[in-house]
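Colleague: Here you go, this is entry-v1.tsv (TSV, C-alpha atoms).
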```tsv
chain	number	residue	atom	x	y	z
A	593	MET	CA	72.58	128.65	-23.98
A	594	SER	CA	69.74	126.12	-23.93
A	595	SER	CA	66.46	127.36	-22.48
A	596	THR	CA	66.28	124.16	-20.40
A	597	VAL	CA	69.43	124.87	-18.36
A	598	GLY	CA	68.64	124.82	-14.64
A	599	GLN	CA	65.07	123.68	-15.32
A	600	VAL	CA	63.32	120.39	-14.73
A	601	ILE	CA	62.91	118.65	-18.12
A	602	LYS	CA	59.86	116.54	-18.89
A	603	CYS	CA	60.64	113.73	-21.33
A	604	ARG	CA	59.89	110.14	-22.23
A	605	ALA	CA	61.56	107.30	-20.36
A	606	ALA	CA	61.06	103.54	-20.40
A	607	VAL	CA	60.29	102.73	-16.76
A	608	ALA	CA	60.58	99.27	-15.22
A	609	TRP	CA	57.88	99.32	-12.56
A	610	GLU	CA	58.48	95.75	-11.44
A	611	ALA	CA	60.78	92.82	-12.12
A	612	GLY	CA	60.36	91.03	-15.43
A	613	LYS	CA	57.37	93.10	-16.56
A	614	PRO	CA	57.45	95.01	-19.87
A	615	LEU	CA	58.89	98.52	-19.65
A	616	VAL	CA	56.33	101.35	-19.82
A	617	ILE	CA	57.02	104.55	-21.79
A	618	GLU	CA	56.16	107.31	-19.31
A	619	GLU	CA	56.56	111.06	-19.13
A	620	VAL	CA	59.07	111.66	-16.33
A	621	GLU	CA	60.70	114.72	-14.78
A	622	VAL	CA	64.50	114.95	-14.97
A	623	ALA	CA	66.03	117.37	-12.45
A	624	PRO	CA	68.97	119.63	-13.36
A	625	PRO	CA	72.49	118.32	-12.70
A	626	GLN	CA	74.02	119.01	-9.29
A	627	ALA	CA	77.73	119.44	-8.49
A	628	ASN	CA	79.98	117.26	-10.70
A	629	GLU	CA	76.96	116.02	-12.68
A	630	VAL	CA	75.99	116.39	-16.31
A	631	ARG	CA	72.57	116.19	-17.96
A	632	VAL	CA	72.74	114.38	-21.28
A	633	LYS	CA	70.26	114.15	-24.14
A	634	ILE	CA	70.41	110.49	-25.20
A	635	LEU	CA	70.13	109.98	-28.96
A	636	PHE	CA	70.81	106.24	-29.23
A	637	THR	CA	70.92	103.46	-26.68
A	638	SER	CA	71.41	99.73	-26.84
A	639	LEU	CA	70.37	96.76	-24.72
A	640	CYS	CA	73.04	94.76	-22.91
A	641	HIS	CA	72.55	91.44	-21.14
A	642	THR	CA	73.30	93.16	-17.80
A	643	ASP	CA	70.13	95.26	-18.20
A	644	VAL	CA	68.10	92.09	-18.74
A	645	TYR	CA	69.71	90.36	-15.75
A	646	PHE	CA	68.83	93.15	-13.32
A	647	TRP	CA	65.39	93.69	-14.88
A	648	GLU	CA	64.62	90.01	-14.25
A	649	ALA	CA	65.98	90.51	-10.67
A	650	LYS	CA	66.43	86.81	-10.08
A	651	GLY	CA	69.73	86.91	-8.23
A	652	GLN	CA	70.04	90.30	-6.57
A	653	THR	CA	68.25	92.93	-4.51
A	654	PRO	CA	65.33	94.22	-6.60
A	655	LEU	CA	65.07	98.01	-6.85
A	656	PHE	CA	62.00	99.40	-8.61
A	657	PRO	CA	60.71	101.56	-10.21
A	658	ARG	CA	63.93	101.95	-12.17
A	659	ILE	CA	65.21	103.26	-15.49
A	660	PHE	CA	67.66	100.79	-16.99
A	661	GLY	CA	70.11	101.26	-19.86
A	662	HIS	CA	73.88	101.77	-19.85
A	663	GLU	CA	75.10	101.54	-23.45
A	664	ALA	CA	74.37	104.82	-25.19
A	665	GLY	CA	75.52	107.91	-27.01
A	666	GLY	CA	74.29	111.44	-26.45
A	667	ILE	CA	74.96	115.17	-26.33
A	668	VAL	CA	75.58	117.25	-23.20
A	669	GLU	CA	72.56	119.48	-22.47
A	670	SER	CA	73.86	121.19	-19.31
A	671	VAL	CA	76.52	120.78	-16.64
A	672	GLY	CA	76.47	121.15	-12.88
A	673	GLU	CA	78.75	123.16	-10.64
A	674	GLY	CA	82.43	122.21	-10.82
A	675	VAL	CA	82.26	120.50	-14.22
A	676	THR	CA	85.10	121.84	-16.38
A	677	ASP	CA	85.84	118.93	-18.74
A	678	LEU	CA	82.50	119.06	-20.56
A	679	LYS	CA	80.25	121.74	-22.00
A	680	PRO	CA	76.81	121.77	-23.66
A	681	GLY	CA	77.00	120.30	-27.16
A	682	ASP	CA	79.82	117.84	-26.44
A	683	HIS	CA	79.27	114.28	-27.68
A	684	VAL	CA	79.60	111.67	-24.94
A	685	LEU	CA	79.28	107.98	-24.15
A	686	PRO	CA	77.95	107.28	-20.63
A	687	VAL	CA	79.83	104.41	-18.97
A	688	PHE	CA	78.64	102.18	-16.10
A	689	THR	CA	81.96	102.62	-14.31
A	690	GLY	CA	83.93	105.81	-13.88
A	691	GLU	CA	87.23	107.61	-13.63
A	692	CYS	CA	87.45	110.31	-10.96
A	693	LYS	CA	91.13	110.94	-11.90
A	694	GLU	CA	91.98	111.51	-8.21
A	695	CYS	CA	92.03	108.11	-6.43
A	696	ARG	CA	94.94	105.64	-6.31
A	697	HIS	CA	93.35	103.47	-8.99
A	698	CYS	CA	92.86	106.37	-11.38
A	699	LYS	CA	96.42	107.59	-10.80
A	700	SER	CA	97.80	104.10	-11.47
A	701	GLU	CA	98.57	103.11	-15.04
A	702	GLU	CA	97.72	99.53	-14.08
A	703	SER	CA	94.11	99.91	-12.93
A	704	ASN	CA	90.77	101.21	-14.14
A	705	MET	CA	88.85	100.38	-10.95
A	706	CYS	CA	88.06	103.87	-9.64
A	707	ASP	CA	87.41	103.96	-5.88
A	708	LEU	CA	84.67	106.57	-6.19
A	709	LEU	CA	82.86	105.51	-9.36
A	710	ARG	CA	83.36	101.80	-9.94
A	711	ILE	CA	80.17	99.95	-10.78
A	712	ASN	CA	77.54	99.68	-8.05
A	713	THR	CA	74.45	97.79	-9.17
A	714	ASP	CA	72.64	98.24	-5.83
A	715	ARG	CA	72.78	102.04	-5.75
A	716	GLY	CA	69.81	103.73	-7.36
A	717	VAL	CA	70.62	107.34	-6.40
A	718	MET	CA	73.22	109.98	-7.18
A	719	LEU	CA	76.41	110.15	-5.11
A	720	SER	CA	76.30	113.86	-4.28
A	721	ASP	CA	73.07	113.89	-2.27
A	722	GLY	CA	71.72	110.34	-2.20
A	723	LYS	CA	68.66	111.34	-4.24
A	724	THR	CA	67.35	110.44	-7.68
A	725	ARG	CA	67.15	112.90	-10.56
A	726	PHE	CA	64.15	111.08	-12.03
A	727	SER	CA	60.58	111.31	-10.77
A	728	LYS	CA	56.98	110.95	-11.90
A	729	ASN	CA	54.24	112.87	-10.08
A	730	GLY	CA	56.63	113.33	-7.18
A	731	GLN	CA	57.54	109.63	-6.92
A	732	PRO	CA	61.30	109.01	-7.23
A	733	ILE	CA	62.42	106.62	-9.97
A	734	TYR	CA	65.74	104.89	-9.33
A	735	HIS	CA	68.87	105.09	-11.47
A	736	PHE	CA	70.80	102.06	-12.79
A	737	VAL	CA	74.63	101.87	-12.66
A	738	GLY	CA	74.77	105.66	-12.74
A	739	THR	CA	73.65	105.92	-16.38
A	740	SER	CA	69.92	105.12	-16.92
A	741	THR	CA	70.00	105.65	-20.67
A	742	PHE	CA	66.47	104.38	-21.39
A	743	SER	CA	65.36	108.00	-21.01
A	744	GLU	CA	65.50	110.89	-23.48
A	745	TYR	CA	67.46	112.83	-20.84
A	746	THR	CA	69.57	111.44	-18.02
A	747	VAL	CA	71.89	112.79	-15.34
A	748	VAL	CA	75.35	111.22	-14.98
A	749	HIS	CA	78.41	111.91	-12.84
A	750	VAL	CA	81.03	113.70	-14.95
A	751	GLY	CA	83.50	110.90	-14.22
A	752	CYS	CA	81.26	108.39	-16.04
A	753	LEU	CA	81.19	110.25	-19.37
A	754	ALA	CA	83.70	109.73	-22.16
A	755	LYS	CA	83.96	112.79	-24.42
A	756	ILE	CA	84.31	111.56	-27.99
A	757	ASN	CA	84.92	112.82	-31.52
A	758	PRO	CA	81.72	114.65	-32.61
A	759	ALA	CA	82.12	113.17	-36.10
A	760	ALA	CA	81.66	109.62	-34.77
A	761	PRO	CA	78.19	108.19	-35.54
A	762	LEU	CA	76.48	107.76	-32.17
A	763	ASP	CA	74.24	104.99	-33.51
A	764	LYS	CA	77.38	102.85	-33.98
A	765	VAL	CA	79.84	103.89	-31.29
A	766	CYS	CA	77.21	103.75	-28.52
A	767	VAL	CA	77.92	99.99	-28.28
A	768	LEU	CA	81.43	100.80	-27.02
A	769	SER	CA	80.19	101.92	-23.62
A	770	CYS	CA	79.98	98.38	-22.21
A	771	GLY	CA	80.18	94.88	-23.70
A	772	ILE	CA	82.12	95.46	-26.89
A	773	SER	CA	84.90	97.38	-25.12
A	774	THR	CA	84.96	94.73	-22.39
A	775	GLY	CA	85.69	91.89	-24.82
A	776	LEU	CA	87.95	93.93	-27.09
A	777	GLY	CA	90.07	95.16	-24.18
A	778	ALA	CA	90.26	91.72	-22.57
A	779	THR	CA	92.16	90.58	-25.66
A	780	LEU	CA	94.10	93.71	-26.66
A	781	ASN	CA	94.95	95.06	-23.18
A	782	VAL	CA	95.16	91.94	-21.03
A	783	ALA	CA	95.73	88.76	-23.07
A	784	LYS	CA	97.89	90.74	-25.54
A	785	PRO	CA	98.34	88.06	-28.22
A	786	LYS	CA	101.32	88.53	-30.50
A	787	LYS	CA	100.89	88.50	-34.26
A	788	GLY	CA	100.60	84.92	-35.49
A	789	GLN	CA	99.59	83.42	-32.13
A	790	SER	CA	96.51	81.28	-31.43
A	791	VAL	CA	93.60	82.51	-29.30
A	792	ALA	CA	90.67	80.52	-27.89
A	793	VAL	CA	87.49	82.44	-27.02
A	794	PHE	CA	85.01	80.76	-24.67
A	795	GLY	CA	81.45	82.02	-25.23
A	796	LEU	CA	80.40	83.65	-28.50
A	797	GLY	CA	77.90	86.21	-27.25
A	798	ALA	CA	78.55	89.92	-27.77
A	799	VAL	CA	81.51	90.07	-25.36
A	800	GLY	CA	83.11	86.91	-26.80
A	801	LEU	CA	82.69	88.15	-30.37
A	802	ALA	CA	84.36	91.41	-29.31
A	803	ALA	CA	87.22	89.39	-27.81
A	804	ALA	CA	87.53	87.60	-31.17
A	805	GLU	CA	87.53	90.97	-32.94
A	806	GLY	CA	90.41	91.98	-30.66
A	807	ALA	CA	92.30	88.84	-31.66
A	808	ARG	CA	91.66	89.64	-35.33
A	809	ILE	CA	93.00	93.19	-34.87
A	810	ALA	CA	96.07	91.79	-33.06
A	811	GLY	CA	96.84	89.52	-36.01
A	812	ALA	CA	96.15	86.14	-34.39
A	813	SER	CA	96.68	83.29	-36.84
A	814	ARG	CA	94.04	81.00	-35.34
A	815	ILE	CA	90.96	82.13	-33.41
A	816	ILE	CA	89.10	79.15	-31.97
A	817	GLY	CA	85.54	79.77	-30.78
A	818	VAL	CA	84.23	77.54	-28.00
A	819	ASP	CA	80.48	77.50	-27.38
A	820	LEU	CA	77.75	75.03	-26.41
A	821	ASN	CA	75.50	76.52	-29.11
A	822	SER	CA	76.69	75.47	-32.57
A	823	SER	CA	74.25	77.88	-34.26
A	824	ARG	CA	76.56	80.74	-33.18
A	825	PHE	CA	79.48	79.47	-35.24
A	826	GLU	CA	78.44	80.83	-38.64
A	827	GLU	CA	77.95	84.38	-37.33
A	828	ALA	CA	81.29	84.24	-35.50
A	829	LYS	CA	83.21	83.87	-38.78
A	830	LYS	CA	82.51	87.58	-39.43
A	831	PHE	CA	84.53	88.37	-36.30
A	832	GLY	CA	87.63	86.47	-37.39
A	833	VAL	CA	86.87	83.11	-35.76
A	834	THR	CA	88.60	80.44	-37.85
A	835	GLU	CA	87.67	77.21	-36.02
A	836	PHE	CA	84.92	76.05	-33.69
A	837	VAL	CA	84.64	73.60	-30.83
A	838	ASN	CA	81.41	72.56	-29.15
A	839	PRO	CA	82.38	70.73	-25.93
A	840	LYS	CA	79.23	68.60	-26.28
A	841	ASP	CA	80.65	67.06	-29.48
A	842	HIS	CA	83.62	65.50	-27.65
A	843	ASP	CA	84.02	62.73	-25.10
A	844	LYS	CA	87.09	64.31	-23.52
A	845	PRO	CA	87.54	67.59	-21.64
A	846	VAL	CA	87.59	70.61	-23.94
A	847	HIS	CA	91.03	71.74	-22.74
A	848	GLN	CA	92.43	68.43	-24.00
A	849	VAL	CA	90.66	68.88	-27.34
A	850	LEU	CA	92.20	72.34	-27.72
A	851	ALA	CA	95.66	71.13	-26.66
A	852	GLU	CA	95.55	68.43	-29.33
A	853	MET	CA	94.45	70.95	-31.97
A	854	THR	CA	97.28	73.37	-31.13
A	855	ASP	CA	100.35	71.23	-30.35
A	856	GLY	CA	100.12	71.52	-26.58
A	857	GLY	CA	97.78	74.42	-26.00
A	858	VAL	CA	96.66	77.79	-27.30
A	859	ASP	CA	98.83	80.87	-26.71
A	860	ARG	CA	95.97	82.91	-25.25
A	861	ALA	CA	92.45	82.15	-24.00
A	862	VAL	CA	89.67	84.59	-23.16
A	863	GLU	CA	86.70	83.34	-21.11
A	864	CYS	CA	83.45	85.28	-21.66
A	865	THR	CA	80.72	83.07	-20.16
A	866	GLY	CA	80.86	83.32	-16.36
A	867	SER	CA	80.74	79.52	-16.16
A	868	ILE	CA	83.16	78.04	-13.63
A	869	GLN	CA	83.82	75.06	-15.89
A	870	ALA	CA	84.66	77.36	-18.80
A	871	MET	CA	87.04	79.33	-16.57
A	872	ILE	CA	88.95	76.18	-15.59
A	873	SER	CA	89.03	74.99	-19.20
A	874	ALA	CA	90.26	78.38	-20.45
A	875	PHE	CA	93.15	78.31	-17.98
A	876	GLU	CA	94.04	74.67	-18.52
A	877	CYS	CA	93.96	74.92	-22.33
A	878	VAL	CA	96.77	77.48	-22.59
A	879	HIS	CA	100.30	76.34	-23.44
A	880	ASP	CA	102.79	75.92	-20.63
A	881	GLY	CA	105.73	78.32	-20.65
A	882	TRP	CA	103.89	81.33	-22.05
A	883	GLY	CA	100.14	80.76	-22.14
A	884	VAL	CA	97.86	83.47	-20.75
A	885	ALA	CA	94.18	83.00	-19.84
A	886	VAL	CA	91.92	85.98	-19.11
A	887	LEU	CA	88.62	85.75	-17.22
A	888	VAL	CA	85.91	88.20	-18.31
A	889	GLY	CA	82.60	86.49	-17.50
A	890	VAL	CA	80.97	87.24	-14.14
A	891	PRO	CA	80.21	84.09	-12.10
A	892	ASN	CA	77.54	83.59	-9.48
A	893	LYS	CA	78.66	85.18	-6.22
A	894	ASP	CA	79.10	81.86	-4.36
A	895	ASP	CA	81.08	80.15	-7.12
A	896	SER	CA	84.68	79.08	-6.73
A	897	PHE	CA	86.98	76.89	-8.77
A	898	LYS	CA	90.12	74.90	-8.22
A	899	THR	CA	93.03	73.94	-10.43
A	900	HIS	CA	96.30	72.22	-9.67
A	901	PRO	CA	99.10	74.64	-8.64
A	902	ILE	CA	101.42	72.86	-11.09
A	903	ASN	CA	99.47	74.57	-13.89
A	904	LEU	CA	100.78	77.90	-12.58
A	905	LEU	CA	104.25	76.60	-11.74
A	906	ASN	CA	104.53	75.45	-15.35
A	907	GLU	CA	104.37	79.11	-16.34
A	908	ARG	CA	100.77	79.51	-17.30
A	909	THR	CA	99.27	82.89	-16.34
A	910	LEU	CA	95.72	83.51	-15.14
A	911	LYS	CA	94.39	87.07	-15.22
A	912	GLY	CA	91.07	88.81	-14.70
A	913	THR	CA	89.75	92.00	-16.22
A	914	PHE	CA	87.05	94.57	-15.62
A	915	PHE	CA	85.73	96.59	-18.58
A	916	GLY	CA	88.67	95.38	-20.67
A	917	ASN	CA	91.10	97.39	-18.48
A	918	TYR	CA	89.94	100.59	-20.22
A	919	LYS	CA	89.79	103.82	-18.19
A	920	PRO	CA	86.48	105.32	-19.37
A	921	ARG	CA	87.45	108.97	-19.85
A	922	THR	CA	91.07	108.41	-20.88
A	923	ASP	CA	90.81	105.36	-23.14
A	924	ILE	CA	87.32	105.08	-24.66
A	925	PRO	CA	87.80	108.15	-26.92
A	926	ASP	CA	90.78	106.28	-28.44
A	927	VAL	CA	88.67	103.17	-29.04
A	928	VAL	CA	86.18	105.39	-30.91
A	929	GLU	CA	89.11	106.60	-33.05
A	930	LYS	CA	89.97	102.97	-33.87
A	931	TYR	CA	86.50	102.71	-35.38
A	932	MET	CA	86.86	106.03	-37.21
A	933	ASN	CA	90.21	104.83	-38.64
A	934	LYS	CA	88.56	101.57	-39.81
A	935	GLU	CA	90.78	99.40	-37.59
A	936	LEU	CA	87.78	98.26	-35.53
A	937	GLU	CA	84.57	97.05	-37.17
A	938	LEU	CA	81.37	97.79	-35.23
A	939	ASP	CA	78.58	97.50	-37.79
A	940	LYS	CA	78.65	93.69	-37.66
A	941	PHE	CA	77.76	93.75	-33.94
A	942	ILE	CA	74.51	95.60	-34.67
A	943	THR	CA	71.86	93.08	-35.69
A	944	HIS	CA	68.69	95.13	-35.11
A	945	ALA	CA	67.57	98.76	-35.00
A	946	ILE	CA	64.25	99.83	-33.48
A	947	THR	CA	62.47	102.95	-32.21
A	948	PHE	CA	62.21	103.91	-28.54
A	949	SER	CA	58.50	103.07	-28.45
A	950	GLU	CA	59.42	99.49	-29.47
A	951	ILE	CA	61.98	99.02	-26.68
A	952	ASN	CA	60.38	95.84	-25.34
A	953	LYS	CA	61.22	94.16	-28.66
A	954	ALA	CA	64.92	94.53	-27.78
A	955	PHE	CA	64.31	92.43	-24.64
A	956	GLU	CA	62.49	89.79	-26.70
A	957	TYR	CA	65.34	89.61	-29.24
A	958	MET	CA	67.93	89.16	-26.51
A	959	LEU	CA	65.93	86.66	-24.46
A	960	HIS	CA	65.46	84.53	-27.58
A	961	GLY	CA	69.12	84.80	-28.59
A	962	LYS	CA	68.31	86.66	-31.80
A	963	SER	CA	70.42	89.79	-31.30
A	964	ILE	CA	74.03	90.67	-30.63
A	965	ARG	CA	73.21	94.37	-30.23
A	966	CYS	CA	69.91	96.11	-30.89
A	967	ILE	CA	70.16	99.88	-31.36
A	968	ILE	CA	67.26	101.93	-30.02
A	969	ARG	CA	66.67	105.33	-31.57
A	970	MET	CA	65.39	107.67	-28.89
A	971	ASP	CA	63.64	110.35	-30.96
A	972	ALA	CA	61.28	107.94	-32.71
```
Once more with this new file: its structure as structure tokens, please.
Modeller:
Amino acid sequence: MSSTVGQVIKCRAAVAWEAGKPLVIEEVEVAPPQANEVRVKILFTSLCHTDVYFWEAKGQTPLFPRIFGHEAGGIVESVGEGVTDLKPGDHVLPVFTGECKECRHCKSEESNMCDLLRINTDRGVMLSDGKTRFSKNGQPIYHFVGTSTFSEYTVVHVGCLAKINPAAPLDKVCVLSCGISTGLGATLNVAKPKKGQSVAVFGLGAVGLAAAEGARIAGASRIIGVDLNSSRFEEAKKFGVTEFVNPKDHDKPVHQVLAEMTDGGVDRAVECTGSIQAMISAFECVHDGWGVAVLVGVPNKDDSFKTHPINLLNERTLKGTFFGNYKPRTDIPDVVEKYMNKELELDKFITHAITFSEINKAFEYMLHGKSIRCIIRMDA
């Protein structure tokens, strides 16, 4: 049994003291896990655009000081009262949403939107007692989406931890705890292209490239990438994208361009931008009779869009997805196995690797569009 069990652990964490300012590596105290909580030693973490968005705090309630980070891999250090699924030494991926296994959503085969543990970006405390597990000199430091992986140790609700194969390399599979699974699942679990069908992917960032990877795994014959940034097209070929459309290069709506390329429309479309115009285009570019469009990107909260009802009556389907319809505890271990069995390629998503002390570089890479995923090694 670890000598740290039941003790406060002092460790390094990258603290965001205020919006948009560089993170500061601080020594923080991490309290022991309470009921249904687990303390995890984080070995590798990665930066996702969602971290950057809430760090900039331009469109939501700012909550600081805060420890960001939600894509990571680690090892269980200790467990709180009532935790039976995990034990010290288990390898886990923390996930920003959860699976309590008790609510109607968790008991439904059709949903992954747990009533208790679904994402809450405003909450900076633990559910059990409304307090933080992080502090510095007695000052509480807030959590982020229940994970806060930019710390050498973190405390997470047991329902937000996927127990994975201990042979899986954490510096690779850590990217599966958010964006890559979101895009992959949007295609494989929701759009469900059949072998030989055509798929359009709107937005070729990390999530869109993962959606393209899903189409490649499914055996799509044509994968058409749609993006306003033509410099992304070369990289996207590694993910199975066969053709590219930049809407700015055409004097007609992009859904018409795609319909002309594909004899009436693509079989499946996956929208990964959050742009209302892209959402409409993704829906209107699918073939009547069988076309399915899936919305993944998160729009601004006041956005709405309209389309003509005839598009639906002509047997086009519009769907939405959250975290690729994966249940974190039930399904993510199987996605890790896809990587271990060489069905899923992850290495190509990882463009940079840095040490924890260099964490601000990861923000620079992402803000300048230089990285898909930057892996941060915590012990260096």
Colleague: Write out as a ChimeraX atom specification the residues lying within 8 Å of Val928 in chain A, counting only C-alpha atoms and excluding same-chain residues fewer than 2 positions away.
Modeller: /A:756-757,760,765,768,924-926,930-932
Colleague: Pick out the residues sitting within 7 Å of Glu673 in chain A, and hand them over as an mmCIF file with C-alpha atoms, in the frame of the given file; count all atoms listed in the file, and ignore anything fewer than 3 positions along from it in its own chain.
Modeller:
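Result written to around-v8.cif:
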```cif
data_model
loop_
_atom_site.group_PDB
_atom_site.id
_atom_site.type_symbol
_atom_site.label_atom_id
_atom_site.label_comp_id
_atom_site.auth_asym_id
_atom_site.auth_seq_id
_atom_site.Cartn_x
_atom_site.Cartn_y
_atom_site.Cartn_z
ATOM 1 C CA GLN A 626 74.020 119.010 -9.290
ATOM 2 C CA ALA A 627 77.730 119.440 -8.490
ATOM 3 C CA ASN A 628 79.980 117.260 -10.700
#
```
Colleague: What's the 12 Å shell around Glu956 in chain A, counting only C-alpha atoms, without same-chain residues fewer than 3 positions away, as a list in words?
Modeller: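 In the requested format, the answer is Gly612, Lys613, Pro614, Leu615, Leu639, His641, Val644, His944, Glu950, Ile951, Asn952, Lys953, Leu959, His960, Gly961, Lys962, Ser963 and Cys966 of chain A.
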Colleague: Of the residues A:Cys692, A:Cys698, A:Ile816, A:Ala605, which is the one nearest to Glu621 in chain A, using all atoms listed in the file?
Modeller: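 Using all atoms listed in the file, Glu621 in chain A sits closest to A:Ala605.
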Colleague: Hey, could you make a per-residue contact list for range 768-809 of chain A against range 867-873 of chain A with 12 Å as the cut-off, showing the nearest pair of atoms and its distance in Å to one decimal, counting all atoms listed in the file, sorted by chain and number, as a tab-separated table?
Modeller:
```
residue	atom	partner	partner_atom	distance
A:Ala792	CA	A:Ser873	CA	10.4
A:Val793	CA	A:Ala870	CA	10.1
A:Phe794	CA	A:Ala870	CA	6.8
A:Gly795	CA	A:Ala870	CA	8.6
```
Colleague: Would you kindly return, as a list in words, each protein, DNA or RNA residue with an atom no farther than 7 Å from any atom of range 939-942 of chain A, considering only C-alpha atoms and excluding same-chain residues fewer than 6 positions away?
Modeller: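 Here the qualifying residues turn out to be Lys764, Ile964, Arg965, Cys966 and Ile967 of chain A.
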Colleague: Can you take the partial range 802-816 of chain A, add N, CA, C and O atoms, and return it as a PDB file, keeping the file's coordinate frame?
Modeller:
```
ATOM      1  N   ALA A 802      83.463  90.249 -29.398  1.00  0.00           N
ATOM      2  CA  ALA A 802      84.360  91.410 -29.310  1.00  0.00           C
ATOM      3  C   ALA A 802      85.776  90.965 -28.954  1.00  0.00           C
ATOM      4  O   ALA A 802      86.758  91.542 -29.441  1.00  0.00           O
ATOM      5  N   ALA A 803      85.895  89.940 -28.116  1.00  0.00           N
ATOM      6  CA  ALA A 803      87.220  89.390 -27.810  1.00  0.00           C
ATOM      7  C   ALA A 803      87.853  88.804 -29.072  1.00  0.00           C
ATOM      8  O   ALA A 803      89.054  88.974 -29.314  1.00  0.00           O
ATOM      9  N   ALA A 804      87.027  88.139 -29.897  1.00  0.00           N
ATOM     10  CA  ALA A 804      87.530  87.600 -31.170  1.00  0.00           C
ATOM     11  C   ALA A 804      87.950  88.729 -32.103  1.00  0.00           C
ATOM     12  O   ALA A 804      88.987  88.646 -32.771  1.00  0.00           O
ATOM     13  N   GLU A 805      87.171  89.806 -32.125  1.00  0.00           N
ATOM     14  CA  GLU A 805      87.530  90.970 -32.940  1.00  0.00           C
ATOM     15  C   GLU A 805      88.884  91.536 -32.487  1.00  0.00           C
ATOM     16  O   GLU A 805      89.712  91.934 -33.310  1.00  0.00           O
ATOM     17  N   GLY A 806      89.111  91.547 -31.181  1.00  0.00           N
ATOM     18  CA  GLY A 806      90.410  91.980 -30.660  1.00  0.00           C
ATOM     19  C   GLY A 806      91.542  91.092 -31.153  1.00  0.00           C
ATOM     20  O   GLY A 806      92.622  91.576 -31.521  1.00  0.00           O
ATOM     21  N   ALA A 807      91.284  89.784 -31.165  1.00  0.00           N
ATOM     22  CA  ALA A 807      92.300  88.840 -31.660  1.00  0.00           C
ATOM     23  C   ALA A 807      92.563  89.057 -33.146  1.00  0.00           C
ATOM     24  O   ALA A 807      93.704  88.977 -33.612  1.00  0.00           O
ATOM     25  N   ARG A 808      91.506  89.357 -33.889  1.00  0.00           N
ATOM     26  CA  ARG A 808      91.660  89.640 -35.330  1.00  0.00           C
ATOM     27  C   ARG A 808      92.524  90.880 -35.538  1.00  0.00           C
ATOM     28  O   ARG A 808      93.455  90.884 -36.359  1.00  0.00           O
ATOM     29  N   ILE A 809      92.231  91.940 -34.765  1.00  0.00           N
ATOM     30  CA  ILE A 809      93.000  93.190 -34.870  1.00  0.00           C
ATOM     31  C   ILE A 809      94.463  92.943 -34.513  1.00  0.00           C
ATOM     32  O   ILE A 809      95.380  93.508 -35.118  1.00  0.00           O
ATOM     33  N   ALA A 810      94.696  92.068 -33.514  1.00  0.00           N
ATOM     34  CA  ALA A 810      96.070  91.790 -33.060  1.00  0.00           C
ATOM     35  C   ALA A 810      96.853  90.930 -34.041  1.00  0.00           C
ATOM     36  O   ALA A 810      98.062  90.765 -33.892  1.00  0.00           O
ATOM     37  N   GLY A 811      96.148  90.338 -35.020  1.00  0.00           N
ATOM     38  CA  GLY A 811      96.840  89.520 -36.010  1.00  0.00           C
ATOM     39  C   GLY A 811      97.001  88.066 -35.616  1.00  0.00           C
ATOM     40  O   GLY A 811      97.931  87.384 -36.072  1.00  0.00           O
ATOM     41  N   ALA A 812      96.097  87.557 -34.763  1.00  0.00           N
ATOM     42  CA  ALA A 812      96.150  86.140 -34.390  1.00  0.00           C
ATOM     43  C   ALA A 812      96.004  85.269 -35.638  1.00  0.00           C
ATOM     44  O   ALA A 812      95.235  85.581 -36.541  1.00  0.00           O
ATOM     45  N   SER A 813      96.736  84.174 -35.669  1.00  0.00           N
ATOM     46  CA  SER A 813      96.680  83.290 -36.840  1.00  0.00           C
ATOM     47  C   SER A 813      95.503  82.325 -36.763  1.00  0.00           C
ATOM     48  O   SER A 813      94.916  81.947 -37.778  1.00  0.00           O
ATOM     49  N   ARG A 814      95.173  81.905 -35.545  1.00  0.00           N
ATOM     50  CA  ARG A 814      94.040  81.000 -35.340  1.00  0.00           C
ATOM     51  C   ARG A 814      93.197  81.566 -34.197  1.00  0.00           C
ATOM     52  O   ARG A 814      93.725  81.888 -33.137  1.00  0.00           O
ATOM     53  N   ILE A 815      91.893  81.681 -34.440  1.00  0.00           N
ATOM     54  CA  ILE A 815      90.960  82.130 -33.410  1.00  0.00           C
ATOM     55  C   ILE A 815      89.912  81.023 -33.286  1.00  0.00           C
ATOM     56  O   ILE A 815      89.128  80.792 -34.209  1.00  0.00           O
ATOM     57  N   ILE A 816      89.954  80.329 -32.158  1.00  0.00           N
ATOM     58  CA  ILE A 816      89.100  79.150 -31.970  1.00  0.00           C
ATOM     59  C   ILE A 816      87.935  79.535 -31.050  1.00  0.00           C
ATOM     60  O   ILE A 816      88.142  79.930 -29.895  1.00  0.00           O
TER      61      ILE A 816
END
```
